[in-house]
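Listing of input25.txt, compact mmCIF, C-alpha atoms
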```txt
# COMPACT_ATOMS: atom_id res chain seq x y z
CA MET A 1 94.88 15.95 1.68
CA VAL A 2 92.07 16.42 4.11
CA GLN A 3 89.63 13.83 5.32
CA ILE A 4 87.01 15.24 7.59
CA LYS A 5 85.22 12.89 9.97
CA TYR A 6 82.38 15.26 10.72
CA MET A 7 81.35 18.85 10.49
CA LEU A 8 79.15 20.59 13.02
CA LEU A 9 77.73 24.05 13.03
CA ILE A 10 77.12 25.24 16.55
CA SER A 11 75.48 28.49 17.56
CA ARG A 12 76.68 30.57 20.48
CA GLN A 13 73.54 29.45 22.27
CA GLY A 14 74.90 25.89 22.07
CA LYS A 15 72.38 24.73 19.46
CA ILE A 16 73.54 22.46 16.66
CA ARG A 17 72.41 24.06 13.43
CA LEU A 18 73.98 21.62 10.96
CA MET A 19 75.79 18.33 11.25
CA ARG A 20 77.30 16.08 8.66
CA TRP A 21 79.01 12.79 9.48
CA PHE A 22 81.58 11.44 7.05
CA ASP A 23 82.68 8.55 9.21
CA ALA A 24 80.72 5.78 10.91
CA PHE A 25 79.51 6.80 14.38
CA THR A 26 76.80 5.30 16.50
CA ALA A 27 73.94 7.50 17.66
CA THR A 28 75.40 7.51 21.18
CA GLU A 29 78.79 8.59 19.88
CA LYS A 30 77.22 11.32 17.80
CA ASN A 31 75.30 12.65 20.79
CA LYS A 32 78.42 12.56 22.91
CA ILE A 33 80.48 14.41 20.32
CA CYS A 34 77.79 17.07 19.85
CA ARG A 35 77.36 17.58 23.57
CA GLU A 36 81.04 17.61 24.47
CA LEU A 37 82.19 19.71 21.55
CA SER A 38 79.45 22.30 22.09
CA THR A 39 80.69 22.93 25.61
CA THR A 40 84.39 22.58 24.73
CA VAL A 41 84.39 24.91 21.77
CA LEU A 42 82.07 27.52 23.28
CA ALA A 43 84.14 27.62 26.46
CA ARG A 44 87.36 28.38 24.60
CA LYS A 45 88.64 31.90 24.86
CA LEU A 46 89.01 34.10 21.82
CA LYS A 47 92.77 33.96 21.58
CA MET A 48 93.05 30.23 22.08
CA CYS A 49 94.23 27.98 19.27
CA ASN A 50 91.61 26.83 16.78
CA ILE A 51 92.90 23.26 16.88
CA VAL A 52 91.96 21.04 19.79
CA GLU A 53 92.86 17.45 20.55
CA TYR A 54 89.70 15.52 21.23
CA GLN A 55 89.34 11.80 21.86
CA ASP A 56 91.57 10.03 19.32
CA HIS A 57 91.47 12.79 16.75
CA LYS A 58 91.76 16.53 16.31
CA VAL A 59 89.08 19.15 16.10
CA VAL A 60 89.51 22.28 14.04
CA TYR A 61 87.03 25.08 14.51
CA ARG A 62 86.49 28.54 13.20
CA ARG A 63 84.16 31.20 14.44
CA TYR A 64 82.04 33.43 12.25
CA ALA A 65 79.90 35.90 14.19
CA SER A 66 77.83 33.78 16.56
CA LEU A 67 78.41 30.53 14.68
CA TYR A 68 81.16 27.99 15.22
CA PHE A 69 82.09 25.67 12.36
CA VAL A 70 83.65 22.60 13.91
CA CYS A 71 85.41 19.82 12.00
CA GLY A 72 86.73 16.56 13.38
CA ILE A 73 89.73 15.36 11.39
CA SER A 74 91.99 12.36 11.51
CA PRO A 75 95.44 13.63 12.49
CA GLU A 76 97.33 11.30 10.16
CA ALA A 77 95.44 12.01 6.96
CA SER A 78 94.48 15.65 7.40
CA ASN A 79 96.03 19.03 7.44
CA GLU A 80 94.62 21.36 10.08
CA LEU A 81 95.31 24.56 8.19
CA LEU A 82 93.75 23.18 5.06
CA THR A 83 90.69 22.27 7.13
CA LEU A 84 90.43 25.90 8.23
CA GLU A 85 90.53 26.89 4.58
CA ILE A 86 87.79 24.39 3.71
CA ILE A 87 85.60 25.85 6.43
CA HIS A 88 86.27 29.31 5.08
CA ARG A 89 85.52 28.23 1.52
CA TYR A 90 82.22 26.74 2.67
CA VAL A 91 81.29 29.92 4.50
CA GLU A 92 82.23 32.02 1.49
CA ALA A 93 80.04 29.87 -0.74
CA MET A 94 77.10 30.24 1.65
CA ASP A 95 77.76 33.94 1.98
CA SER A 96 77.55 34.40 -1.76
CA TYR A 97 74.51 32.20 -2.11
CA PHE A 98 72.51 33.80 0.69
CA ASP A 99 73.97 37.25 0.11
CA ASN A 100 75.53 37.84 3.53
CA VAL A 101 74.55 34.66 5.30
CA CYS A 102 73.28 34.78 8.86
CA GLU A 103 72.16 32.16 11.36
CA LEU A 104 68.53 32.66 10.43
CA ASP A 105 69.27 31.90 6.77
CA ILE A 106 70.81 28.59 7.75
CA ILE A 107 67.95 27.69 10.10
CA PHE A 108 65.28 28.34 7.50
CA ASN A 109 67.21 27.06 4.47
CA PHE A 110 69.14 24.22 6.02
CA THR A 111 68.63 22.02 2.98
CA LYS A 112 70.43 24.60 0.86
CA ALA A 113 73.23 24.78 3.42
CA TYR A 114 73.56 20.99 3.17
CA ASP A 115 73.44 21.15 -0.62
CA ILE A 116 76.32 23.61 -0.65
CA LEU A 117 78.25 21.45 1.81
CA ASN A 118 77.68 18.44 -0.43
CA GLU A 119 79.31 20.34 -3.23
CA VAL A 120 82.32 21.21 -1.10
CA LEU A 121 82.87 17.86 0.61
CA ILE A 122 82.30 14.44 -0.86
CA CYS A 123 80.73 11.66 1.20
CA ASP A 124 84.07 10.40 2.59
CA GLY A 125 84.91 13.86 3.92
CA SER A 126 87.45 14.88 1.31
CA MET A 127 87.22 18.08 -0.64
CA THR A 128 85.52 17.67 -3.96
CA GLU A 129 85.33 21.20 -5.30
CA THR A 130 87.49 24.21 -4.58
CA SER A 131 85.95 26.65 -7.00
CA LYS A 132 83.30 28.82 -5.43
CA THR A 133 81.94 29.64 -8.87
CA SER A 134 81.46 25.96 -9.71
CA ILE A 135 79.80 25.30 -6.36
CA LEU A 136 77.36 28.15 -6.84
CA LYS A 137 76.67 27.18 -10.45
CA THR A 138 75.76 23.66 -9.39
CA VAL A 139 73.51 24.86 -6.60
CA ALA A 140 71.89 27.35 -8.97
CA SER A 141 71.17 24.58 -11.48
CA MET A 142 69.66 22.52 -8.65
CA ASP A 143 67.45 25.48 -7.83
CA ALA A 144 66.45 25.82 -11.47
CA LEU A 145 65.57 22.13 -11.59
CA GLU A 146 63.50 22.49 -8.43
CA THR A 147 61.67 25.49 -9.87
CA SER A 148 60.91 23.70 -13.12
CA ASP A 149 59.66 20.73 -11.10
CA ASN A 150 57.30 23.05 -9.23
CA LEU A 151 56.20 24.53 -12.53
CA ASP A 152 55.48 21.06 -13.91
CA GLN A 153 53.40 20.28 -10.84
CA VAL A 154 51.29 23.40 -11.39
CA LEU A 155 50.87 22.70 -15.08
CA SER A 156 50.00 19.02 -14.69
CA MET X 1 40.77 17.92 19.66
CA SER X 2 41.37 14.99 21.95
CA GLY X 3 41.14 15.26 25.72
CA GLN X 4 44.86 14.59 25.98
CA ALA X 5 45.67 17.46 23.62
CA VAL X 6 43.46 19.82 25.61
CA ALA X 7 45.12 18.70 28.80
CA ALA X 8 48.57 19.19 27.30
CA GLU X 9 47.67 22.69 26.12
CA PHE X 10 46.37 23.49 29.56
CA VAL X 11 49.48 22.20 31.28
CA TYR X 12 51.91 23.73 28.78
CA PRO X 13 50.84 27.14 27.50
CA PRO X 14 52.56 28.34 24.32
CA ARG X 15 56.19 29.23 24.85
CA ASN X 16 55.84 32.74 23.44
CA LYS X 17 56.60 34.91 26.43
CA ILE X 18 59.77 36.86 27.00
CA LEU X 19 60.56 38.09 30.45
CA VAL X 20 62.57 41.29 30.64
CA VAL X 21 64.10 41.88 34.03
CA PHE X 22 65.40 45.35 34.70
CA ASP X 23 67.75 46.27 37.46
CA HIS X 24 66.39 49.31 39.25
CA GLN X 25 69.62 51.20 38.57
CA VAL X 26 69.09 51.10 34.82
CA SER X 27 67.89 54.40 33.47
CA ALA X 28 65.67 54.90 30.43
CA LYS X 29 64.10 51.46 30.78
CA ASP X 30 61.33 52.33 28.36
CA ALA X 31 63.87 53.15 25.71
CA TYR X 32 65.30 49.64 25.90
CA LEU X 33 61.86 48.07 25.61
CA SER X 34 61.08 50.29 22.71
CA LYS X 35 64.35 49.55 20.91
CA ILE X 36 64.23 45.80 21.40
CA PHE X 37 60.54 45.08 20.94
CA ASN X 38 59.46 48.13 19.02
CA LEU X 39 56.59 48.82 21.41
CA ASN X 40 55.34 51.92 23.16
CA PRO X 41 55.92 51.30 26.83
CA THR X 42 53.87 52.91 29.53
CA ALA X 43 55.02 53.28 33.11
CA ASP X 44 52.20 51.27 34.67
CA THR X 45 52.25 48.36 32.22
CA GLN X 46 54.23 45.24 32.94
CA ILE X 47 52.65 42.92 30.40
CA TYR X 48 52.53 43.68 26.70
CA ARG X 49 50.51 41.15 24.77
CA ASN X 50 50.57 40.12 21.14
CA ILE X 51 53.64 42.04 20.14
CA LYS X 52 54.50 41.20 16.57
CA TRP X 53 58.05 39.94 16.20
CA SER X 54 59.04 39.91 12.54
CA THR X 55 62.05 38.52 10.79
CA LYS X 56 62.97 37.91 7.17
CA TYR X 57 61.34 34.49 7.40
CA TYR X 58 58.50 34.60 9.87
CA ASN X 59 56.26 36.61 12.18
CA VAL X 60 55.35 35.51 15.66
CA LEU X 61 53.12 37.09 18.27
CA ILE X 62 54.87 37.29 21.60
CA ASP X 63 54.02 38.54 25.06
CA VAL X 64 56.57 40.67 26.83
CA TYR X 65 56.59 40.53 30.61
CA VAL X 66 58.53 43.21 32.42
CA ASP X 67 59.84 43.02 35.94
CA TYR X 68 61.98 45.36 38.02
CA VAL X 69 64.26 44.03 40.72
CA ASP X 70 66.64 45.29 43.36
CA GLY X 71 68.29 42.14 44.62
CA LEU X 72 68.64 39.50 41.97
CA LYS X 73 69.64 36.73 44.38
CA SER X 74 66.27 36.49 46.12
CA TRP X 75 64.48 37.04 42.79
CA VAL X 76 66.37 34.12 41.23
CA ASP X 77 65.60 31.91 44.25
CA ASP X 78 61.90 32.68 43.81
CA PHE X 79 62.07 32.24 40.05
CA CYS X 80 63.71 28.82 40.37
CA SER X 81 61.19 27.65 42.97
CA HIS X 82 58.38 25.24 42.24
CA ASP X 83 55.79 28.06 42.47
CA PHE X 84 57.06 29.61 39.25
CA GLU X 85 57.18 26.44 37.21
CA GLU X 86 54.19 27.39 35.08
CA LEU X 87 55.70 30.75 34.23
CA ARG X 88 59.04 29.17 33.36
CA LYS X 89 57.37 26.69 31.03
CA ALA X 90 55.71 29.53 29.15
CA LEU X 91 58.91 31.50 28.70
CA ALA X 92 60.82 31.55 25.46
CA GLY X 93 63.54 33.33 27.34
CA CYS X 94 64.68 35.90 29.86
CA VAL X 95 66.53 39.08 29.11
CA PHE X 96 68.23 40.75 32.07
CA ILE X 97 69.06 44.38 31.55
CA ARG X 98 71.46 45.69 34.15
CA GLN X 99 74.64 47.54 34.90
CA CYS X 100 77.30 44.92 35.48
CA LYS X 101 80.61 44.96 37.24
CA ASP X 102 83.37 42.49 37.88
CA GLY X 103 82.42 40.09 40.68
CA ASP X 104 78.78 41.04 40.33
CA GLU X 105 76.60 38.86 42.56
CA GLY X 106 73.72 39.38 40.16
CA LEU X 107 75.64 37.64 37.39
CA THR X 108 76.33 34.70 39.69
CA ALA X 109 72.63 34.54 40.49
CA ILE X 110 71.66 34.60 36.79
CA SER X 111 74.17 31.88 35.96
CA LYS X 112 72.44 29.78 38.61
CA ILE X 113 69.30 29.79 36.43
CA GLY X 114 71.38 28.44 33.58
CA GLN X 115 73.12 25.88 35.78
CA THR X 116 69.89 24.49 37.18
CA GLY X 117 68.37 24.33 33.68
CA VAL X 118 64.97 25.36 35.03
CA ILE X 119 64.15 27.35 31.92
CA GLU X 120 64.81 24.28 29.74
CA GLU X 121 65.17 25.24 26.08
CA GLY X 122 64.49 28.92 26.70
CA PHE X 123 67.32 31.38 26.32
CA LEU X 124 68.98 33.46 28.99
CA ALA X 125 70.58 36.70 27.95
CA ILE X 126 72.07 39.64 29.77
CA LEU X 127 72.26 43.06 28.25
CA ALA X 128 74.95 44.88 30.19
CA THR X 129 74.26 48.57 29.85
CA GLU X 130 77.64 49.18 31.43
CA PHE X 131 80.44 46.86 32.38
CA ASP X 132 82.82 48.29 34.88
CA ALA X 133 85.98 46.29 34.07
CA THR X 134 88.59 45.82 31.39
CA GLN X 135 87.75 44.37 27.99
CA GLU X 136 89.70 41.21 28.83
CA ARG X 137 87.73 40.73 32.02
CA LEU X 138 84.50 41.30 30.11
CA LEU X 139 85.41 38.52 27.68
CA ALA X 140 86.32 36.23 30.57
CA VAL X 141 82.99 36.89 32.30
CA GLU X 142 81.13 36.34 29.01
CA GLY X 143 82.91 33.00 28.65
CA GLU X 144 82.12 31.95 32.23
CA LEU X 145 78.44 32.78 31.79
CA LEU X 146 78.27 31.06 28.42
CA ALA X 147 79.51 27.85 30.02
CA HIS X 148 76.29 27.96 32.07
CA GLY X 149 74.08 28.73 29.08
CA VAL X 150 73.80 32.45 29.74
CA GLU X 151 74.84 34.86 27.06
CA MET X 152 75.97 38.29 28.07
CA THR X 153 76.33 41.09 25.60
CA ALA X 154 77.55 44.51 26.55
CA MET X 155 76.46 47.80 25.07
CA ARG X 156 79.44 49.50 23.51
CA SER X 157 79.96 53.10 24.52
CA THR X 158 79.62 54.11 20.91
CA GLU X 159 76.45 52.11 20.38
CA THR X 160 73.50 53.87 18.99
CA GLU X 161 70.64 52.09 17.37
CA THR X 162 72.80 50.83 14.58
CA GLU X 163 74.33 47.40 14.59
CA VAL X 164 77.65 46.99 16.31
CA LYS X 165 79.85 44.04 15.43
CA ASN X 166 82.95 42.69 17.10
CA GLU X 167 86.05 41.41 15.32
CA TYR X 168 84.28 38.13 14.53
CA GLY X 169 81.37 39.92 12.94
CA GLU X 170 79.18 39.11 15.91
CA LEU X 171 76.52 41.59 16.85
CA SER X 172 76.57 43.06 20.31
CA GLY X 173 74.22 44.95 22.57
CA ILE X 174 70.60 45.35 21.55
CA ALA X 175 71.24 43.94 18.06
CA ARG X 176 72.54 40.69 19.56
CA ILE X 177 69.54 40.43 21.91
CA LYS X 178 67.29 40.78 18.86
CA GLU X 179 69.29 38.12 17.05
CA ILE X 180 68.92 35.73 19.99
CA ILE X 181 65.16 36.22 19.89
CA ASP X 182 65.16 35.82 16.09
CA THR X 183 66.92 32.48 16.25
CA PHE X 184 64.85 31.04 19.07
CA GLN X 185 63.13 27.84 18.08
CA TRP X 186 59.51 28.94 18.30
CA ASP X 187 56.79 26.31 18.20
CA HIS X 188 55.62 25.77 14.65
CA GLU X 189 52.02 26.59 15.61
CA LEU X 190 53.12 30.07 16.66
CA LEU X 191 54.99 30.90 13.48
CA HIS X 192 53.29 32.79 10.68
CA ARG X 193 55.07 32.74 7.40
CA GLU X 194 54.36 35.40 4.84
CA PRO X 195 52.12 33.91 2.08
CA ASN X 196 54.46 35.08 -0.67
CA GLY X 197 57.39 34.36 1.61
CA ASN X 198 60.07 36.77 2.59
CA GLU X 199 62.20 33.84 1.67
CA ASN X 200 63.46 34.84 -1.74
CA ILE X 201 67.03 33.91 -1.31
CA PRO X 202 69.15 36.50 -2.97
CA SER X 203 72.24 35.12 -4.57
CA LYS X 204 75.01 37.10 -6.10
CA GLY X 205 76.41 36.65 -9.53
CA ILE X 206 75.37 33.11 -10.33
CA THR X 207 71.59 33.01 -10.20
CA ASN X 208 69.56 35.79 -11.66
CA ASN X 209 67.95 37.58 -8.73
CA SER X 210 65.71 39.72 -10.88
CA GLN X 211 63.92 36.60 -12.09
CA MET X 212 62.78 35.54 -8.66
CA PRO X 213 59.82 37.91 -8.14
CA ALA X 214 58.77 37.42 -11.79
CA LEU X 215 58.76 33.69 -11.30
CA ASP X 216 56.45 34.07 -8.30
CA ASP X 217 54.12 36.15 -10.45
CA VAL X 218 54.18 33.52 -13.17
CA MET X 219 53.39 30.73 -10.72
CA GLY X 220 50.52 32.71 -9.23
CA LYS X 221 49.19 33.55 -12.66
CA LEU X 222 49.42 29.93 -13.77
CA GLN X 223 47.54 28.70 -10.74
CA GLU X 224 44.79 31.27 -11.25
CA ALA X 225 44.62 30.47 -14.95
CA ARG X 226 44.38 26.74 -14.33
CA ALA X 227 41.53 27.21 -11.86
CA LYS X 228 39.66 29.42 -14.36
CA PHE X 229 40.43 27.08 -17.26
CA LEU X 230 38.77 24.17 -15.44
CA THR X 231 35.57 26.15 -15.00
CA ILE X 232 35.17 26.89 -18.75
CA ASP X 233 32.88 24.41 -20.52
CA SER X 234 33.18 25.35 -24.18
CA SER X 235 36.31 23.98 -25.85
CA GLU X 236 36.61 27.03 -28.12
CA GLU X 237 36.50 29.40 -25.18
CA ARG X 238 39.01 27.21 -23.42
CA GLU X 239 41.44 27.40 -26.32
CA ALA X 240 41.02 31.14 -26.64
CA PHE X 241 41.60 31.54 -22.92
CA ALA X 242 44.67 29.30 -23.03
CA ARG X 243 46.13 31.35 -25.91
CA GLU X 244 45.42 34.59 -24.07
CA MET X 245 47.11 33.28 -20.93
CA ALA X 246 50.09 31.95 -22.90
CA ASP X 247 50.60 35.45 -24.32
CA GLU X 248 50.33 37.07 -20.91
CA ILE X 249 52.74 34.62 -19.35
CA SER X 250 55.26 34.93 -22.13
CA GLU X 251 55.21 38.69 -21.53
CA LEU X 252 55.96 38.12 -17.87
CA LEU X 253 58.87 35.82 -18.74
```
Once more with this new file: its structure as structure tokens, please.
Amino acid sequence: MVQIKYMLLISRQGKIRLMRWFDAFTATEKNKICRELSTTVLARKLKMCNIVEYQDHKVVYRRYASLYFVCGISPEASNELLTLEIIHRYVEAMDSYFDNVCELDIIFNFTKAYDILNEVLICDGSMTETSKTSILKTVASMDALETSDNLDQVLS
Amino acid sequence: MSGQAVAAEFVYPPRNKILVVFDHQVSAKDAYLSKIFNLNPTADTQIYRNIKWSTKYYNVLIDVYVDYVDGLKSWVDDFCSHDFEELRKALAGCVFIRQCKDGDEGLTAISKIGQTGVIEEGFLAILATEFDATQERLLAVEGELLAHGVEMTAMRSTETETEVKNEYGELSGIARIKEIIDTFQWDHELLHREPNGNENIPSKGITNNSQMPALDDVMGKLQEARAKFLTIDSSEEREAFAREMADEISELL
């Protein structure tokens, strides 16, 4: 069982590329978390553990190229290693969708990145889909729907 | 345009300039400029205007300013001074190209720019043509600089023009510098997107990639057809045209 409180995607330049909050946080708390975790995670050395204790919960992060995927999890309800797997599954799904995903793909198609995340994690932060094929099928059907909507607009 | 907008434009020129600062010891400076910005450098030119920077998603015209320094400490002091505020506000970022070593005073000076935050949202990057220390020390120095908002990337000895990735799949050397420039948040007014978009997102296995360009053609064709259809007065001609277009489009599909 994993219940993620939030997921952030931080670039090596310290920019937040994506953020999704699955728990209630005030705007001030969100800013604080983003600011503190950007510096904390980026400052960590390569061989350091990917699990960090932060405030009253734990933070699990994983690095892919110049991007850091950071998840805040509640220590009682979540499994850290499973969280690492969820991050990896999300990255795999994006990698397949974008065909070798890079930071630029996420910047310019952030809605798609969120769509894929929505397929992986439900609104309370628990995993909703483990099959990469199912995730990609759903996103593909969303794309098809969007295209047909565009087509309708042209035809109308 | 309102007076305020004109004033704002005057005070804040577009942030489309990249300052490249070479250490005098670096050899083949022109080669670096050429590899990073794909320009033809000349010895007596320090400003290259309207260089086209292209990525998969956008094109942007940038100006490349080149400077050569001996002592970075005094240069950084000048750069951080009030006199250079206008220049700093126009900079998308600074790229320092230098030979680095452990305990390098130049690196300390560069990290001061990051610490003071004078360049605001602009990036600070160091391309270390050489780094005279162990790999572990290099990583430690990279980490220290990153804490101050300065990213250092070292050229690997094996590096040619091809992309070099570390164990995390991160690019290094010139490729990483290019990636930093790619991912800079350019002002929207400066960005030029390709009309047909280089944005066709390829996806493996699930969606049919081969349909994507065809779909663009269909959309274009439909838009053209609709515009022409509206100009035809006779209903018979309209119907004939519609049938003709339907046939053409079904062929495309």
Which residues of chain A come within 6 Å of chain X, and what is each one's closest atom pair and distance in Å (one decimal), counting all atoms listed in the file, sorted by chain and residue number, as CSV?
```
residue,atom,partner,partner_atom,distance
A:Ala43,CA,X:Ala147,CA,5.8
A:Tyr64,CA,X:Tyr168,CA,5.7
A:Ala65,CA,X:Glu170,CA,3.7
A:Ser66,CA,X:Glu170,CA,5.5
A:Ser96,CA,X:Lys204,CA,5.7
A:Tyr97,CA,X:Ser203,CA,4.4
A:Phe98,CA,X:Ser203,CA,5.4
A:Asp99,CA,X:Ser203,CA,5.4
A:Ala140,CA,X:Thr207,CA,5.8
```
Problem - Point-to-point distance in Å for atom CA of Lys221 of chain X and atom CA of Phe241 of chain X - result: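 Straight-line distance from atom CA of Phe241 of chain X to atom CA of Lys221 of chain X works out to 12.9 Å.
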Problem - Residue among X:Asp247, X:Glu237, X:Asp102, X:Glu136 lying closest to Lys47 of chain A, counting only C-alpha atoms - result: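 Of X:Asp247, X:Glu237, X:Asp102, X:Glu136, the one nearest Lys47 of chain A, counting only C-alpha atoms, is X:Glu136.
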Completion exercise
With distances taken over all atoms listed in the file, the candidate from X:Gly173, X:Gly93, X:Pro41, X:Gly103 nearest Gly122 of chain X is X:Gly93
Practice task
Find the residues around segment 76-80 of chain A up to 9 Å (all atoms listed in the file counted), leave out those fewer than 5 positions away in its own chain, and share them as a PyMOL selection string.
Solution key: chain A and resi 1-4+51+57-60+85
Exercise for the section: Record the distance separating atom CA of Lys178 of chain X and atom CA of Phe37 of chain X, expressed in Å with one decimal. Expected result: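 We find that atom CA of Lys178 of chain X and atom CA of Phe37 of chain X lie 8.3 Å from each other.
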Practice task
Quote the spacing between atom CA of Arg15 of chain X and atom CA of Ala92 of chain X in Å to one decimal place.
Solution key: 5.2 Å
Practice task
Go through A:Leu84, A:Ile10, A:Met142, A:Val154 and flag the residue nearest Arg35 of chain A, using all atoms listed in the file for the distances.
Solution key: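 Distance minimum relative to Arg35 of chain A lands on A:Ile10.
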Box time for segment 31-35 of chain A: axis-aligned, enclosing all its listed atoms, 4 Å extra on each side; report centre and edge lengths in Å to one decimal, as lines of an AutoDock Vina configuration file.
```
center_x = 77.9
center_y = 15.1
center_z = 21.7
size_x = 13.2
size_y = 13.0
size_z = 11.7
```
Exercise for the section: Could you check which of A:Leu145, A:Met7, A:Cys49, A:Ile107 is closest to Cys34 of chain A, using all atoms listed in the file? Expected result: A:Met7
Since fewer atoms than expected are present, regenerate N, CA and C atoms for segment 214-235 of chain X and write them as a PDB file, in the frame of the given file.
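Okay, this is what ended up in result.pdb:
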```
ATOM      1  N   ALA X 214      59.536  37.690 -10.572  1.00  0.00           N
ATOM      2  CA  ALA X 214      58.770  37.420 -11.790  1.00  0.00           C
ATOM      3  C   ALA X 214      58.266  35.990 -11.790  1.00  0.00           C
ATOM      4  N   LEU X 215      59.111  35.101 -11.320  1.00  0.00           N
ATOM      5  CA  LEU X 215      58.760  33.690 -11.300  1.00  0.00           C
ATOM      6  C   LEU X 215      57.575  33.457 -10.358  1.00  0.00           C
ATOM      7  N   ASP X 216      57.585  34.161  -9.232  1.00  0.00           N
ATOM      8  CA  ASP X 216      56.450  34.070  -8.300  1.00  0.00           C
ATOM      9  C   ASP X 216      55.163  34.526  -8.980  1.00  0.00           C
ATOM     10  N   ASP X 217      55.284  35.628  -9.734  1.00  0.00           N
ATOM     11  CA  ASP X 217      54.120  36.150 -10.450  1.00  0.00           C
ATOM     12  C   ASP X 217      53.600  35.115 -11.450  1.00  0.00           C
ATOM     13  N   VAL X 218      54.558  34.509 -12.153  1.00  0.00           N
ATOM     14  CA  VAL X 218      54.180  33.520 -13.170  1.00  0.00           C
ATOM     15  C   VAL X 218      53.446  32.351 -12.524  1.00  0.00           C
ATOM     16  N   MET X 219      54.011  31.875 -11.409  1.00  0.00           N
ATOM     17  CA  MET X 219      53.390  30.730 -10.720  1.00  0.00           C
ATOM     18  C   MET X 219      51.966  31.078 -10.272  1.00  0.00           C
ATOM     19  N   GLY X 220      51.833  32.274  -9.708  1.00  0.00           N
ATOM     20  CA  GLY X 220      50.520  32.710  -9.230  1.00  0.00           C
ATOM     21  C   GLY X 220      49.533  32.799 -10.378  1.00  0.00           C
ATOM     22  N   LYS X 221      50.027  33.377 -11.460  1.00  0.00           N
ATOM     23  CA  LYS X 221      49.190  33.550 -12.660  1.00  0.00           C
ATOM     24  C   LYS X 221      48.759  32.200 -13.212  1.00  0.00           C
ATOM     25  N   LEU X 222      49.724  31.268 -13.251  1.00  0.00           N
ATOM     26  CA  LEU X 222      49.420  29.930 -13.770  1.00  0.00           C
ATOM     27  C   LEU X 222      48.365  29.230 -12.927  1.00  0.00           C
ATOM     28  N   GLN X 223      48.500  29.352 -11.624  1.00  0.00           N
ATOM     29  CA  GLN X 223      47.540  28.700 -10.740  1.00  0.00           C
ATOM     30  C   GLN X 223      46.136  29.271 -10.943  1.00  0.00           C
ATOM     31  N   GLU X 224      46.085  30.613 -11.027  1.00  0.00           N
ATOM     32  CA  GLU X 224      44.790  31.270 -11.250  1.00  0.00           C
ATOM     33  C   GLU X 224      44.192  30.825 -12.594  1.00  0.00           C
ATOM     34  N   ALA X 225      45.071  30.818 -13.609  1.00  0.00           N
ATOM     35  CA  ALA X 225      44.620  30.470 -14.950  1.00  0.00           C
ATOM     36  C   ALA X 225      44.087  29.039 -14.990  1.00  0.00           C
ATOM     37  N   ARG X 226      44.787  28.149 -14.321  1.00  0.00           N
ATOM     38  CA  ARG X 226      44.380  26.740 -14.330  1.00  0.00           C
ATOM     39  C   ARG X 226      42.990  26.580 -13.687  1.00  0.00           C
ATOM     40  N   ALA X 227      42.814  27.303 -12.561  1.00  0.00           N
ATOM     41  CA  ALA X 227      41.530  27.210 -11.860  1.00  0.00           C
ATOM     42  C   ALA X 227      40.401  27.723 -12.762  1.00  0.00           C
ATOM     43  N   LYS X 228      40.683  28.838 -13.477  1.00  0.00           N
ATOM     44  CA  LYS X 228      39.660  29.420 -14.360  1.00  0.00           C
ATOM     45  C   LYS X 228      39.405  28.513 -15.562  1.00  0.00           C
ATOM     46  N   PHE X 229      40.502  27.954 -16.091  1.00  0.00           N
ATOM     47  CA  PHE X 229      40.430  27.080 -17.260  1.00  0.00           C
ATOM     48  C   PHE X 229      39.492  25.888 -16.995  1.00  0.00           C
ATOM     49  N   LEU X 230      39.598  25.347 -15.778  1.00  0.00           N
ATOM     50  CA  LEU X 230      38.770  24.170 -15.440  1.00  0.00           C
ATOM     51  C   LEU X 230      37.289  24.501 -15.343  1.00  0.00           C
ATOM     52  N   THR X 231      36.989  25.775 -15.128  1.00  0.00           N
ATOM     53  CA  THR X 231      35.570  26.150 -15.000  1.00  0.00           C
ATOM     54  C   THR X 231      34.913  26.420 -16.354  1.00  0.00           C
ATOM     55  N   ILE X 232      35.737  26.583 -17.411  1.00  0.00           N
ATOM     56  CA  ILE X 232      35.170  26.890 -18.750  1.00  0.00           C
ATOM     57  C   ILE X 232      34.696  25.597 -19.418  1.00  0.00           C
ATOM     58  N   ASP X 233      33.448  25.614 -19.914  1.00  0.00           N
ATOM     59  CA  ASP X 233      32.880  24.410 -20.520  1.00  0.00           C
ATOM     60  C   ASP X 233      33.216  24.301 -22.017  1.00  0.00           C
ATOM     61  N   SER X 234      32.993  25.390 -22.726  1.00  0.00           N
ATOM     62  CA  SER X 234      33.180  25.350 -24.180  1.00  0.00           C
ATOM     63  C   SER X 234      34.656  25.175 -24.541  1.00  0.00           C
ATOM     64  N   SER X 235      34.913  24.249 -25.474  1.00  0.00           N
ATOM     65  CA  SER X 235      36.310  23.980 -25.850  1.00  0.00           C
ATOM     66  C   SER X 235      36.916  25.158 -26.606  1.00  0.00           C
TER      67      SER X 235
END
```
